[in-house]
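Colleague: Handing over coords.csv, CSV, C-alpha atoms.
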```
chain,number,residue,atom,x,y,z
A,242,MET,CA,0.0,0.0,0.0
A,243,SER,CA,1.5,3.3,-1.1
A,244,SER,CA,2.3,5.9,1.5
A,245,ALA,CA,2.2,8.8,-1.0
A,246,LYS,CA,0.1,11.8,-0.1
A,247,LEU,CA,-3.4,11.6,-1.6
A,248,ALA,CA,-5.5,14.3,-3.3
A,249,ILE,CA,-8.3,13.8,-0.8
A,250,THR,CA,-8.5,13.6,3.0
A,251,LEU,CA,-11.3,12.9,5.5
A,252,GLU,CA,-11.3,16.6,6.4
A,253,ASP,CA,-12.1,17.4,2.7
A,254,VAL,CA,-15.2,15.1,2.9
A,255,LEU,CA,-16.3,16.6,6.2
A,256,SER,CA,-16.0,20.1,4.6
A,257,ALA,CA,-18.0,18.9,1.6
A,258,ARG,CA,-20.8,17.7,3.9
A,259,GLU,CA,-21.2,21.2,5.3
A,260,ARG,CA,-21.4,22.7,1.8
A,261,LEU,CA,-23.9,20.2,0.7
A,262,ARG,CA,-26.1,20.3,3.8
A,263,ASN,CA,-29.7,21.3,3.0
A,264,SER,CA,-28.9,21.2,-0.8
A,265,VAL,CA,-28.9,17.5,-1.5
A,266,TYR,CA,-31.2,14.8,-0.1
A,267,LEU,CA,-30.2,12.6,2.8
A,268,THR,CA,-31.2,9.5,0.9
A,269,PRO,CA,-32.5,6.5,2.8
A,270,CYS,CA,-30.4,3.4,3.5
A,271,THR,CA,-32.9,0.7,4.4
A,272,ARG,CA,-32.5,-3.0,5.2
A,273,SER,CA,-33.9,-5.4,2.5
A,274,GLU,CA,-35.3,-8.6,3.9
A,275,ALA,CA,-35.7,-10.1,0.5
A,276,LEU,CA,-32.2,-9.3,-0.7
A,277,SER,CA,-30.7,-10.4,2.6
A,278,ARG,CA,-32.4,-13.7,2.2
A,279,ILE,CA,-31.2,-14.2,-1.4
A,280,THR,CA,-27.6,-13.1,-0.9
A,281,GLY,CA,-26.9,-14.5,2.6
A,282,LEU,CA,-25.7,-11.0,3.6
A,283,GLU,CA,-27.5,-8.4,5.7
A,284,VAL,CA,-28.2,-6.0,2.9
A,285,PHE,CA,-28.9,-2.2,3.2
A,286,LEU,CA,-29.7,-0.3,0.0
A,287,LYS,CA,-28.4,3.3,-0.2
A,288,LEU,CA,-30.9,4.8,-2.6
A,289,GLU,CA,-29.1,7.6,-4.5
A,290,ASN,CA,-31.5,7.2,-7.3
A,291,LEU,CA,-33.8,9.3,-5.2
A,292,GLN,CA,-31.7,12.5,-5.5
A,293,MET,CA,-33.3,15.5,-7.2
A,294,THR,CA,-31.5,14.7,-10.5
A,295,GLY,CA,-31.8,10.9,-10.1
A,296,SER,CA,-28.2,10.2,-9.3
A,297,PHE,CA,-25.4,10.7,-6.7
A,298,LYS,CA,-23.5,12.8,-9.3
A,299,GLU,CA,-25.0,16.1,-8.0
A,300,ARG,CA,-23.0,15.8,-4.8
A,301,GLY,CA,-19.7,16.1,-6.5
A,302,ALA,CA,-21.0,18.7,-8.9
A,303,LEU,CA,-22.4,20.9,-6.2
A,304,ASN,CA,-19.2,20.6,-4.0
A,305,ARG,CA,-17.2,21.9,-7.0
A,306,ILE,CA,-19.6,24.7,-7.8
A,307,ALA,CA,-19.7,25.7,-4.2
A,308,THR,CA,-15.9,26.2,-4.1
A,309,LEU,CA,-15.9,28.6,-7.1
A,310,THR,CA,-14.6,32.1,-6.6
A,311,ALA,CA,-17.0,35.0,-7.3
A,312,GLU,CA,-15.1,35.6,-10.6
A,313,GLN,CA,-15.3,32.0,-11.6
A,314,GLY,CA,-19.0,32.0,-10.9
A,315,ARG,CA,-19.5,35.1,-13.1
A,316,ARG,CA,-17.7,33.4,-16.0
A,317,GLY,CA,-19.7,30.2,-15.7
A,318,VAL,CA,-19.0,26.4,-15.8
A,319,VAL,CA,-18.8,23.8,-18.5
A,320,ALA,CA,-18.9,20.0,-18.4
A,321,ALA,CA,-18.8,17.2,-20.8
A,322,SER,CA,-21.3,14.4,-20.1
A,323,ALA,CA,-24.0,12.3,-21.7
A,324,GLY,CA,-26.1,11.8,-18.5
A,325,ASN,CA,-26.1,12.2,-14.8
A,326,HIS,CA,-23.1,14.5,-14.3
A,327,ALA,CA,-24.7,16.9,-16.9
A,328,GLN,CA,-27.9,17.1,-14.9
A,329,GLY,CA,-26.1,17.5,-11.6
A,330,VAL,CA,-24.0,20.4,-12.9
A,331,ALA,CA,-27.0,22.0,-14.7
A,332,TYR,CA,-29.3,21.9,-11.7
A,333,HIS,CA,-27.0,23.2,-9.0
A,334,ALA,CA,-25.3,25.8,-11.2
A,335,THR,CA,-28.7,27.2,-12.3
A,336,GLN,CA,-29.9,27.2,-8.6
A,337,ARG,CA,-27.0,29.6,-7.9
A,338,GLY,CA,-27.4,31.8,-10.9
A,339,ILE,CA,-24.3,30.4,-12.6
A,340,ARG,CA,-24.2,29.9,-16.3
A,341,ALA,CA,-23.7,26.2,-17.2
A,342,VAL,CA,-22.8,24.8,-20.6
A,343,ILE,CA,-22.9,21.1,-21.1
A,344,VAL,CA,-21.3,19.5,-24.1
A,345,MET,CA,-23.0,16.2,-25.0
A,346,PRO,CA,-22.1,13.7,-27.8
A,347,LEU,CA,-24.4,13.8,-30.8
A,348,THR,CA,-25.5,10.3,-30.0
A,349,THR,CA,-27.0,11.3,-26.6
A,350,PRO,CA,-30.6,10.2,-26.2
A,351,LEU,CA,-33.1,13.0,-26.6
A,352,VAL,CA,-34.6,12.3,-23.1
A,353,LYS,CA,-31.2,13.2,-21.5
A,354,VAL,CA,-30.7,16.3,-23.6
A,355,THR,CA,-34.2,17.5,-22.7
A,356,ALA,CA,-33.6,16.8,-19.0
A,357,THR,CA,-30.3,18.7,-19.0
A,358,ARG,CA,-31.9,21.7,-20.7
A,359,GLY,CA,-34.8,21.4,-18.3
A,360,PHE,CA,-32.5,21.9,-15.4
A,361,GLY,CA,-31.3,25.2,-17.0
A,362,ALA,CA,-28.1,24.4,-18.9
A,363,GLU,CA,-27.1,25.4,-22.4
A,364,VAL,CA,-26.6,22.1,-24.3
A,365,VAL,CA,-24.0,21.9,-27.0
A,366,LEU,CA,-24.2,18.7,-29.1
A,367,HIS,CA,-20.7,17.9,-30.4
A,368,GLY,CA,-18.7,14.8,-31.3
A,369,ALA,CA,-19.4,11.1,-31.8
A,370,ASN,CA,-18.4,10.1,-28.3
A,371,TYR,CA,-17.5,11.4,-24.8
A,372,ASP,CA,-13.8,12.0,-25.7
A,373,GLU,CA,-14.8,14.3,-28.6
A,374,ALA,CA,-17.4,16.1,-26.4
A,375,CYS,CA,-14.8,16.6,-23.7
A,376,ALA,CA,-12.3,18.1,-26.1
A,377,GLU,CA,-14.9,20.6,-27.2
A,378,ALA,CA,-15.7,21.4,-23.5
A,379,LEU,CA,-12.1,22.1,-22.8
A,380,ARG,CA,-11.9,24.3,-25.9
A,381,LEU,CA,-14.8,26.3,-24.7
A,382,CYS,CA,-13.2,26.7,-21.2
A,383,GLU,CA,-10.1,28.1,-22.8
A,384,GLU,CA,-12.0,30.3,-25.2
A,385,GLN,CA,-14.5,31.8,-22.7
A,386,GLY,CA,-12.5,31.5,-19.5
A,387,MET,CA,-15.1,29.2,-17.9
A,388,THR,CA,-14.4,26.5,-15.3
A,389,PHE,CA,-14.4,22.9,-16.3
A,390,ILE,CA,-16.1,20.5,-13.9
A,391,HIS,CA,-14.7,17.0,-14.4
A,392,PRO,CA,-17.2,14.1,-13.7
A,393,PHE,CA,-14.7,12.2,-11.5
A,394,ASP,CA,-11.0,13.1,-11.7
A,395,ASP,CA,-11.1,16.0,-9.4
A,396,PRO,CA,-10.5,15.9,-5.6
A,397,VAL,CA,-13.3,18.4,-4.9
A,398,VAL,CA,-15.8,16.3,-6.9
A,399,MET,CA,-14.5,13.2,-5.2
A,400,ALA,CA,-15.0,14.7,-1.7
A,401,GLY,CA,-18.6,15.6,-2.6
A,402,GLN,CA,-19.3,11.9,-3.5
A,403,GLY,CA,-17.5,10.9,-0.3
A,404,THR,CA,-20.3,12.4,1.8
A,405,ILE,CA,-22.2,9.2,1.0
A,406,GLY,CA,-19.6,7.3,3.0
A,407,LEU,CA,-20.2,9.5,6.1
A,408,GLU,CA,-24.0,8.9,5.8
A,409,LEU,CA,-23.5,5.2,5.5
A,410,LEU,CA,-21.6,5.0,8.8
A,411,GLU,CA,-24.3,7.0,10.5
A,412,GLN,CA,-27.3,5.1,8.9
A,413,VAL,CA,-26.1,1.5,9.3
A,414,GLU,CA,-25.1,0.6,12.9
A,415,GLY,CA,-22.3,-1.9,12.9
A,416,LEU,CA,-21.6,-1.5,9.2
A,417,GLU,CA,-19.1,-4.1,8.0
A,418,ALA,CA,-18.9,-3.7,4.2
A,419,VAL,CA,-19.8,-1.2,1.4
A,420,VAL,CA,-20.2,-2.3,-2.2
A,421,VAL,CA,-19.9,0.5,-4.8
A,422,PRO,CA,-20.0,0.8,-8.6
A,423,ILE,CA,-16.8,2.0,-10.3
A,424,GLY,CA,-16.4,4.0,-13.4
A,425,GLY,CA,-13.6,6.5,-13.3
A,426,GLY,CA,-13.2,6.1,-9.5
A,427,GLY,CA,-14.6,9.4,-8.1
A,428,LEU,CA,-17.5,7.8,-6.3
A,429,ILE,CA,-15.7,4.9,-4.7
A,430,GLY,CA,-12.6,7.0,-4.0
A,431,GLY,CA,-14.6,9.5,-2.0
A,432,ILE,CA,-16.6,6.9,-0.2
A,433,ALA,CA,-13.6,4.7,0.5
A,434,CYS,CA,-11.6,7.6,2.0
A,435,ALA,CA,-14.5,8.6,4.3
A,436,VAL,CA,-15.2,5.1,5.4
A,437,LYS,CA,-11.7,3.8,5.8
A,438,GLU,CA,-10.4,6.9,7.6
A,439,SER,CA,-13.4,6.8,10.0
A,440,LYS,CA,-13.7,3.0,10.5
A,441,PRO,CA,-10.8,1.1,8.9
A,442,SER,CA,-12.4,-2.3,9.6
A,443,VAL,CA,-15.2,-1.8,7.0
A,444,LYS,CA,-14.5,-3.6,3.8
A,445,VAL,CA,-14.9,-1.5,0.6
A,446,ILE,CA,-15.6,-3.4,-2.6
A,447,GLY,CA,-15.8,-1.9,-6.1
A,448,VAL,CA,-17.8,-3.3,-9.0
A,449,GLN,CA,-17.2,-2.7,-12.7
A,450,THR,CA,-18.7,-3.9,-15.9
A,451,SER,CA,-16.7,-6.7,-17.4
A,452,ARG,CA,-16.9,-4.7,-20.7
A,453,LEU,CA,-14.7,-1.9,-19.4
A,454,PRO,CA,-12.8,-2.9,-16.2
A,455,SER,CA,-10.5,0.1,-16.4
A,456,MET,CA,-9.9,0.6,-12.6
A,457,LYS,CA,-9.4,-3.2,-12.0
A,458,GLN,CA,-6.8,-3.1,-14.8
A,459,ALA,CA,-5.2,0.0,-13.4
A,460,VAL,CA,-4.8,-1.7,-10.0
A,461,TYR,CA,-3.4,-4.8,-11.7
A,462,GLU,CA,-0.9,-2.8,-13.7
A,463,ARG,CA,-0.3,-0.3,-10.9
A,464,HIS,CA,-1.1,2.7,-13.1
A,465,PRO,CA,-4.1,3.9,-15.3
A,466,VAL,CA,-4.3,2.4,-18.7
A,467,THR,CA,-6.7,3.1,-21.6
A,468,LEU,CA,-8.9,0.3,-22.7
A,469,GLU,CA,-10.5,-0.3,-26.1
A,470,PRO,CA,-14.0,1.2,-26.6
A,471,SER,CA,-16.9,-1.0,-25.7
A,472,THR,CA,-20.6,-0.7,-25.2
A,473,THR,CA,-22.5,-1.7,-22.1
A,474,ILE,CA,-26.0,-1.2,-20.5
A,475,ALA,CA,-24.0,0.3,-17.6
A,476,ASP,CA,-23.2,3.4,-19.6
A,477,GLY,CA,-22.8,5.5,-16.5
A,478,ILE,CA,-19.6,3.7,-15.6
A,479,ALA,CA,-18.4,3.0,-19.2
A,480,VAL,CA,-15.0,4.7,-18.6
A,481,ARG,CA,-12.1,3.6,-20.7
A,482,ARG,CA,-9.4,5.0,-18.4
A,483,ALA,CA,-9.3,5.3,-14.6
A,484,GLY,CA,-8.7,8.8,-13.3
A,485,ASP,CA,-5.1,9.9,-12.5
A,486,VAL,CA,-6.4,11.6,-9.3
A,487,THR,CA,-8.8,8.8,-8.3
A,488,TYR,CA,-6.5,5.8,-9.0
A,489,PRO,CA,-4.1,6.3,-6.0
A,490,VAL,CA,-7.1,6.7,-3.7
A,491,VAL,CA,-8.7,3.5,-4.9
A,492,GLU,CA,-5.3,1.7,-4.7
A,493,ARG,CA,-4.9,2.9,-1.1
A,494,TYR,CA,-8.4,2.2,0.3
A,495,VAL,CA,-10.4,-0.3,-1.8
A,496,ASP,CA,-10.1,-3.9,-0.7
A,497,GLU,CA,-11.4,-5.7,-3.7
A,498,ILE,CA,-12.6,-5.0,-7.3
A,499,VAL,CA,-14.9,-7.5,-9.1
A,500,THR,CA,-16.7,-7.4,-12.4
A,501,VAL,CA,-20.2,-8.3,-13.6
A,502,ASP,CA,-21.5,-9.0,-17.1
A,503,GLU,CA,-24.4,-7.6,-19.0
A,504,ASP,CA,-26.9,-10.4,-18.1
A,505,GLU,CA,-26.0,-10.1,-14.5
A,506,ILE,CA,-26.6,-6.3,-14.5
A,507,ALA,CA,-30.0,-6.8,-16.3
A,508,SER,CA,-31.0,-9.4,-13.7
A,509,ALA,CA,-30.1,-7.0,-10.9
A,510,ILE,CA,-32.2,-4.2,-12.4
A,511,LEU,CA,-35.1,-6.7,-12.6
A,512,THR,CA,-34.6,-7.8,-9.0
A,513,LEU,CA,-34.7,-4.2,-7.8
A,514,LEU,CA,-37.9,-3.6,-9.7
A,515,GLU,CA,-39.7,-6.7,-8.5
A,516,ARG,CA,-38.4,-7.1,-5.0
A,517,GLU,CA,-37.8,-3.5,-3.9
A,518,LYS,CA,-40.0,-1.5,-6.3
A,519,THR,CA,-36.9,0.5,-7.1
A,520,LEU,CA,-35.8,1.7,-10.5
A,521,ALA,CA,-32.1,1.7,-11.2
A,522,GLU,CA,-30.1,2.3,-14.4
A,523,GLY,CA,-27.5,-0.1,-15.5
A,524,ALA,CA,-24.6,1.5,-13.6
A,525,GLY,CA,-26.8,1.9,-10.6
A,526,ALA,CA,-27.5,-1.8,-10.3
A,527,THR,CA,-23.9,-3.1,-10.8
A,528,ALA,CA,-23.1,-3.2,-7.0
A,529,LEU,CA,-26.3,-5.3,-6.4
A,530,ALA,CA,-25.4,-7.6,-9.3
A,531,ALA,CA,-22.1,-8.4,-7.7
A,532,ILE,CA,-23.7,-9.7,-4.4
A,533,LEU,CA,-26.6,-11.4,-6.2
A,534,GLN,CA,-24.0,-13.4,-8.2
A,535,HIS,CA,-21.8,-14.0,-5.1
A,536,LYS,CA,-18.8,-12.3,-6.8
A,537,THR,CA,-17.3,-10.8,-3.7
A,538,SER,CA,-15.4,-12.4,-0.8
A,539,LEU,CA,-17.9,-11.1,1.8
A,540,ALA,CA,-18.7,-13.6,4.5
A,541,LYS,CA,-22.2,-14.8,5.2
A,542,GLY,CA,-24.2,-12.4,7.4
A,543,MET,CA,-22.0,-9.3,7.0
A,544,ARG,CA,-23.9,-6.0,7.4
A,545,THR,CA,-23.4,-4.6,3.9
A,546,ALA,CA,-24.4,-1.3,2.3
A,547,VAL,CA,-25.0,-1.6,-1.4
A,548,LEU,CA,-25.1,1.7,-3.4
A,549,VAL,CA,-27.9,2.2,-5.9
A,550,GLY,CA,-26.2,5.0,-7.7
A,551,GLY,CA,-28.8,6.3,-10.1
A,552,GLY,CA,-32.1,5.7,-11.8
A,553,ASN,CA,-32.0,7.7,-15.0
A,554,ILE,CA,-32.8,5.1,-17.6
A,555,ASP,CA,-34.4,5.4,-21.0
A,556,VAL,CA,-37.7,3.6,-21.0
A,557,THR,CA,-36.9,1.8,-24.3
A,558,LEU,CA,-33.7,0.5,-22.9
A,559,LEU,CA,-35.5,-0.5,-19.7
A,560,SER,CA,-37.9,-2.6,-21.8
A,561,ARG,CA,-35.0,-4.4,-23.4
A,562,ILE,CA,-33.2,-4.8,-20.1
A,563,ILE,CA,-36.3,-6.3,-18.5
A,564,GLU,CA,-36.7,-8.8,-21.3
A,565,ARG,CA,-33.0,-9.7,-21.1
A,566,GLY,CA,-33.3,-10.1,-17.3
A,567,LEU,CA,-36.3,-12.4,-17.8
A,568,VAL,CA,-34.4,-14.5,-20.2
A,569,GLN,CA,-31.4,-14.7,-17.9
A,570,ASP,CA,-33.6,-15.8,-15.0
A,571,GLY,CA,-35.3,-18.5,-17.2
A,572,ARG,CA,-38.7,-16.7,-17.0
A,573,LEU,CA,-38.8,-16.0,-20.7
A,574,ILE,CA,-37.9,-18.8,-23.1
A,575,ARG,CA,-38.1,-19.4,-26.8
A,576,LEU,CA,-38.2,-22.9,-28.1
A,577,ARG,CA,-38.1,-24.2,-31.7
A,578,ILE,CA,-40.3,-27.3,-31.8
A,579,HIS,CA,-40.6,-29.7,-34.7
A,580,LEU,CA,-43.9,-31.4,-35.3
A,581,LEU,CA,-45.9,-33.2,-38.0
A,582,ASP,CA,-47.7,-30.9,-40.5
A,583,ARG,CA,-51.2,-32.3,-39.9
A,584,PRO,CA,-54.5,-31.0,-38.5
A,585,GLY,CA,-54.6,-31.0,-34.7
A,586,ALA,CA,-50.8,-31.2,-34.2
A,587,LEU,CA,-50.5,-27.7,-33.0
A,588,THR,CA,-53.5,-28.1,-30.7
A,589,GLU,CA,-51.9,-31.2,-29.1
A,590,LEU,CA,-48.6,-29.2,-28.6
A,591,THR,CA,-50.3,-26.2,-27.0
A,592,THR,CA,-52.4,-28.5,-24.8
A,593,LEU,CA,-49.2,-30.1,-23.4
A,594,ILE,CA,-47.7,-26.6,-22.8
A,595,ALA,CA,-50.9,-25.4,-21.1
A,596,SER,CA,-50.9,-28.5,-18.8
A,597,HIS,CA,-47.6,-27.3,-17.3
A,598,ARG,CA,-49.1,-23.8,-16.7
A,599,VAL,CA,-46.7,-22.1,-19.1
A,600,ASN,CA,-48.0,-19.0,-20.9
A,601,ILE,CA,-47.4,-18.6,-24.7
A,602,VAL,CA,-46.7,-15.0,-25.7
A,603,ASP,CA,-45.6,-15.3,-29.3
A,604,THR,CA,-45.4,-17.9,-32.1
A,605,LEU,CA,-43.8,-18.2,-35.5
A,606,TYR,CA,-45.0,-21.1,-37.7
A,607,ASN,CA,-42.6,-22.2,-40.4
A,608,ARG,CA,-42.5,-24.9,-43.1
A,609,ALA,CA,-39.7,-23.7,-45.4
A,610,TYR,CA,-36.7,-22.9,-43.1
A,611,TYR,CA,-34.5,-24.4,-40.4
A,612,GLY,CA,-34.1,-27.7,-42.4
A,613,VAL,CA,-37.7,-28.8,-42.0
A,614,ASN,CA,-38.5,-32.1,-43.8
A,615,LEU,CA,-41.4,-32.2,-46.2
A,616,GLY,CA,-44.5,-33.2,-44.3
A,617,ASP,CA,-43.1,-31.6,-41.2
A,618,THR,CA,-43.1,-28.1,-39.8
A,619,SER,CA,-41.5,-26.1,-37.0
A,620,ILE,CA,-42.8,-23.5,-34.7
A,621,ASP,CA,-40.9,-21.0,-32.6
A,622,ILE,CA,-42.8,-20.4,-29.3
A,623,THR,CA,-41.9,-17.7,-26.8
A,624,MET,CA,-43.2,-18.5,-23.4
A,625,GLU,CA,-43.4,-17.0,-19.9
A,626,THR,CA,-42.5,-19.3,-17.0
A,627,ARG,CA,-42.0,-19.2,-13.3
A,628,GLY,CA,-38.3,-20.0,-13.7
A,629,ARG,CA,-35.7,-22.6,-14.5
A,630,GLU,CA,-37.4,-25.4,-12.6
A,631,GLN,CA,-40.6,-25.0,-14.6
A,632,VAL,CA,-38.6,-24.8,-17.8
A,633,ALA,CA,-36.9,-28.1,-17.0
A,634,GLU,CA,-40.3,-29.8,-16.3
A,635,LEU,CA,-41.6,-28.5,-19.7
A,636,LEU,CA,-38.5,-29.7,-21.6
A,637,ALA,CA,-38.8,-33.2,-20.0
A,638,ALA,CA,-42.5,-33.4,-21.0
A,639,LEU,CA,-41.8,-32.4,-24.6
A,640,THR,CA,-39.1,-35.0,-24.9
A,641,ALA,CA,-41.3,-37.6,-23.4
A,642,GLY,CA,-44.0,-36.6,-25.9
A,643,GLY,CA,-41.7,-37.3,-28.8
A,644,TYR,CA,-41.2,-33.6,-29.7
A,645,LYS,CA,-37.8,-32.6,-31.1
A,646,HIS,CA,-36.9,-29.2,-29.7
A,647,GLU,CA,-34.1,-26.7,-29.1
A,648,ARG,CA,-33.6,-23.4,-27.4
A,649,VAL,CA,-33.5,-20.3,-29.6
A,650,LEU,CA,-31.1,-17.7,-28.2
```
In structure tokens, how does this file's structure come out?
Modeller:
Amino acid sequence: MSSAKLAITLEDVLSARERLRNSVYLTPCTRSEALSRITGLEVFLKLENLQMTGSFKERGALNRIATLTAEQGRRGVVAASAGNHAQGVAYHATQRGIRAVIVMPLTTPLVKVTATRGFGAEVVLHGANYDEACAEALRLCEEQGMTFIHPFDDPVVMAGQGTIGLELLEQVEGLEAVVVPIGGGGLIGGIACAVKESKPSVKVIGVQTSRLPSMKQAVYERHPVTLEPSTTIADGIAVRRAGDVTYPVVERYVDEIVTVDEDEIASAILTLLEREKTLAEGAGATALAAILQHKTSLAKGMRTAVLVGGGNIDVTLLSRIIERGLVQDGRLIRLRIHLLDRPGALTELTTLIASHRVNIVDTLYNRAYYGVNLGDTSIDITMETRGREQVAELLAALTAGGYKHERVL
């Protein structure tokens, strides 16, 4: 563990809490009986998706805005973001009468552009990705003398996010572990500093998407590295390179970093919706995904706070994620079943399916494709089930009935 001086201290986080007091919500951190039973841990959900802008990001944004000089406030602020950071900066700058310019990639969904404008910012659409938008934001800073507010690689922003750590220690008596999503490292860096400097025995575990494990790779190689671009439903933590400021803090304080894949994230979103009636975006559900899939080294029964970082999700994407999650859990299945092309064959098949209380939601009947013999046919049937056990029973019944079948993925 390095002994080098870090960019953030516990005093910085305590100061940030005073600046943020009465300006951001003290979000609840409630025990979940259902998730505790499923995971074997004692799970407490920290619901940052309930913030005014739907994400923890406004803590860091506000702390940075609150430290501006009067002259910097007059000149305004600029940020590059395609989502939560944009809305946090827009809302809190506007609340203080400070001009905010947000540069967003051209591919940013309209709902996020509209929301950012709704919070009072000027939105500039530029570039095909975040890197190009960021370059334009930095150009505007130079040209107009504005202040750039980085989404994570800034000690003041990190200290603002760290106020969550102070709240966790106060809200969960006997806290033993904290599980936090990681993108660039600003959130986990701030939380880890606050928690470890206050109560070193608490384990801090970070979770990244397996598509872009930039901080995990940085820790492995002992310095930040730039990964190849990749897409993920956890777009809020899709960061190709860990922060130069955040990395040493993570290296000092974080005990473990694990990764989760796309299906595991989708399943966690679905679990939060069904069991907790809580909406999370992809990045906001990664921490829960890790404990649902038993990816961490946490011992059974540990009192564990799990951060739900944000809930800003496009409804179209949500629909696809729910469907993916249902497939992952075995509650939505598509089978290709071969049967004789004769009157009554389909009735016999659907009667067998109905006898196992499986609901048919879609069918595709085909005689010409998939290598079907003359006189035979095949049908693709999409069905809703109660889970893998019911699927296994249905497959056994189809086999016993002489039906040739295969899963369609």
Colleague: Can you work out the spacing between atom CA of Gln313 of chain A and atom CA of Cys382 of chain A in Å, to one decimal?
Modeller: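 Those two atoms sit 11.2 Å apart.
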Colleague: Counting all atoms listed in the file, which of A:Thr349, A:Thr250, A:Thr545, A:Thr527 gets nearest to Pro396 of chain A?
Modeller: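 Of A:Thr349, A:Thr250, A:Thr545, A:Thr527, the one nearest Pro396 of chain A, counting all atoms listed in the file, is A:Thr250.
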Colleague: Do you know which residues are at most 12 Å from Leu276 of chain A counting only C-alpha atoms, after dropping those on the same chain fewer than 3 positions away, and could you put them as a list in words?
Modeller: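 Here the qualifying residues turn out to be Thr271, Arg272, Ser273, Ile279, Thr280, Gly281, Leu282, Glu283, Val284, Phe285, Leu286, Ala509, Thr512, Leu513, Glu515, Arg516, Glu517, Leu529, Ala530, Ile532, Leu533, Gln534, Gly542, Thr545, Ala546 and Val547 of chain A.
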Colleague: Write out as a ChimeraX atom specification each polymer residue whose atoms come within 10 Å of segment 575-581 of chain A, counting only C-alpha atoms; drop sequence neighbours fewer than 2 positions from it.
Modeller: /A:568,573,583-587,590,601-608,611,613-625,636,639,643-650
Colleague: Check the smallest atom-to-atom distance from each of A:Ala526, A:Val319, A:Val413, A:Ala479 to Ile506 of chain A using all atoms listed in the file, then report the winner.
Modeller: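 Checking each of A:Ala526, A:Val319, A:Val413, A:Ala479 against Ile506 of chain A, counting all atoms listed in the file, the winner is A:Ala526.
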Colleague: Could you give me, as a ChimeraX atom specification, the residues that sit within 8 Å of (-23.5, 8.7, -6.5) in the file's coordinates, counting only C-alpha atoms?
Modeller: /A:289,296-300,402,405,428,548-551
Colleague: Excluding Gly552 of chain A and any residue of its chain fewer than 2 positions from it, enumerate the residues within 6 Å of it, using all atoms listed in the file, and give them as a PyMOL selection string.
Modeller: chain A and resi 290+295+520-522+554
Colleague: How would you write as a ChimeraX atom specification the residues that get within 12 Å of (-4.0, 7.6, -16.3) in the file's frame, counting all atoms listed in the file?
Modeller: /A:394,425-426,455-456,458-460,462-468,480-489
Colleague: Those selected residues, please, written with C-alpha atoms and delivered as an mmCIF file, in the frame of the given file.
Modeller:
```cif
data_model
loop_
_atom_site.group_PDB
_atom_site.id
_atom_site.type_symbol
_atom_site.label_atom_id
_atom_site.label_comp_id
_atom_site.auth_asym_id
_atom_site.auth_seq_id
_atom_site.Cartn_x
_atom_site.Cartn_y
_atom_site.Cartn_z
ATOM 1 C CA ASP A 394 -11.000 13.100 -11.700
ATOM 2 C CA GLY A 425 -13.600 6.500 -13.300
ATOM 3 C CA GLY A 426 -13.200 6.100 -9.500
ATOM 4 C CA SER A 455 -10.500 0.100 -16.400
ATOM 5 C CA MET A 456 -9.900 0.600 -12.600
ATOM 6 C CA GLN A 458 -6.800 -3.100 -14.800
ATOM 7 C CA ALA A 459 -5.200 0.000 -13.400
ATOM 8 C CA VAL A 460 -4.800 -1.700 -10.000
ATOM 9 C CA GLU A 462 -0.900 -2.800 -13.700
ATOM 10 C CA ARG A 463 -0.300 -0.300 -10.900
ATOM 11 C CA HIS A 464 -1.100 2.700 -13.100
ATOM 12 C CA PRO A 465 -4.100 3.900 -15.300
ATOM 13 C CA VAL A 466 -4.300 2.400 -18.700
ATOM 14 C CA THR A 467 -6.700 3.100 -21.600
ATOM 15 C CA LEU A 468 -8.900 0.300 -22.700
ATOM 16 C CA VAL A 480 -15.000 4.700 -18.600
ATOM 17 C CA ARG A 481 -12.100 3.600 -20.700
ATOM 18 C CA ARG A 482 -9.400 5.000 -18.400
ATOM 19 C CA ALA A 483 -9.300 5.300 -14.600
ATOM 20 C CA GLY A 484 -8.700 8.800 -13.300
ATOM 21 C CA ASP A 485 -5.100 9.900 -12.500
ATOM 22 C CA VAL A 486 -6.400 11.600 -9.300
ATOM 23 C CA THR A 487 -8.800 8.800 -8.300
ATOM 24 C CA TYR A 488 -6.500 5.800 -9.000
ATOM 25 C CA PRO A 489 -4.100 6.300 -6.000
#
```
Colleague: So how many Å separate atom CA of Gly359 of chain A and atom CA of Ala321 of chain A, to one decimal?
Modeller: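 Atom-to-atom, atom CA of Gly359 of chain A and atom CA of Ala321 of chain A are spaced 16.7 Å apart.
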Colleague: Using all atoms listed in the file, pick whichever of A:His326, A:Arg358, A:His367, A:Arg493 has the shortest atom-to-atom distance to Ala433 of chain A.
Modeller: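 Nearest candidate to Ala433 of chain A out of A:His326, A:Arg358, A:His367, A:Arg493: A:Arg493.
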Colleague: For a quick check of understanding, using only C-alpha atoms, which of A:Gly427, A:Gly477, A:Gly415, A:Pro350 has the smallest distance to Val443 of chain A?
Modeller: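 Closest to Val443 of chain A of all the choices is A:Gly415.
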Colleague: Rounded to one decimal, what separation in Å do you get between atom CA of Pro470 of chain A and atom CA of Glu373 of chain A?
Modeller: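 These two atoms are separated by 13.3 Å.
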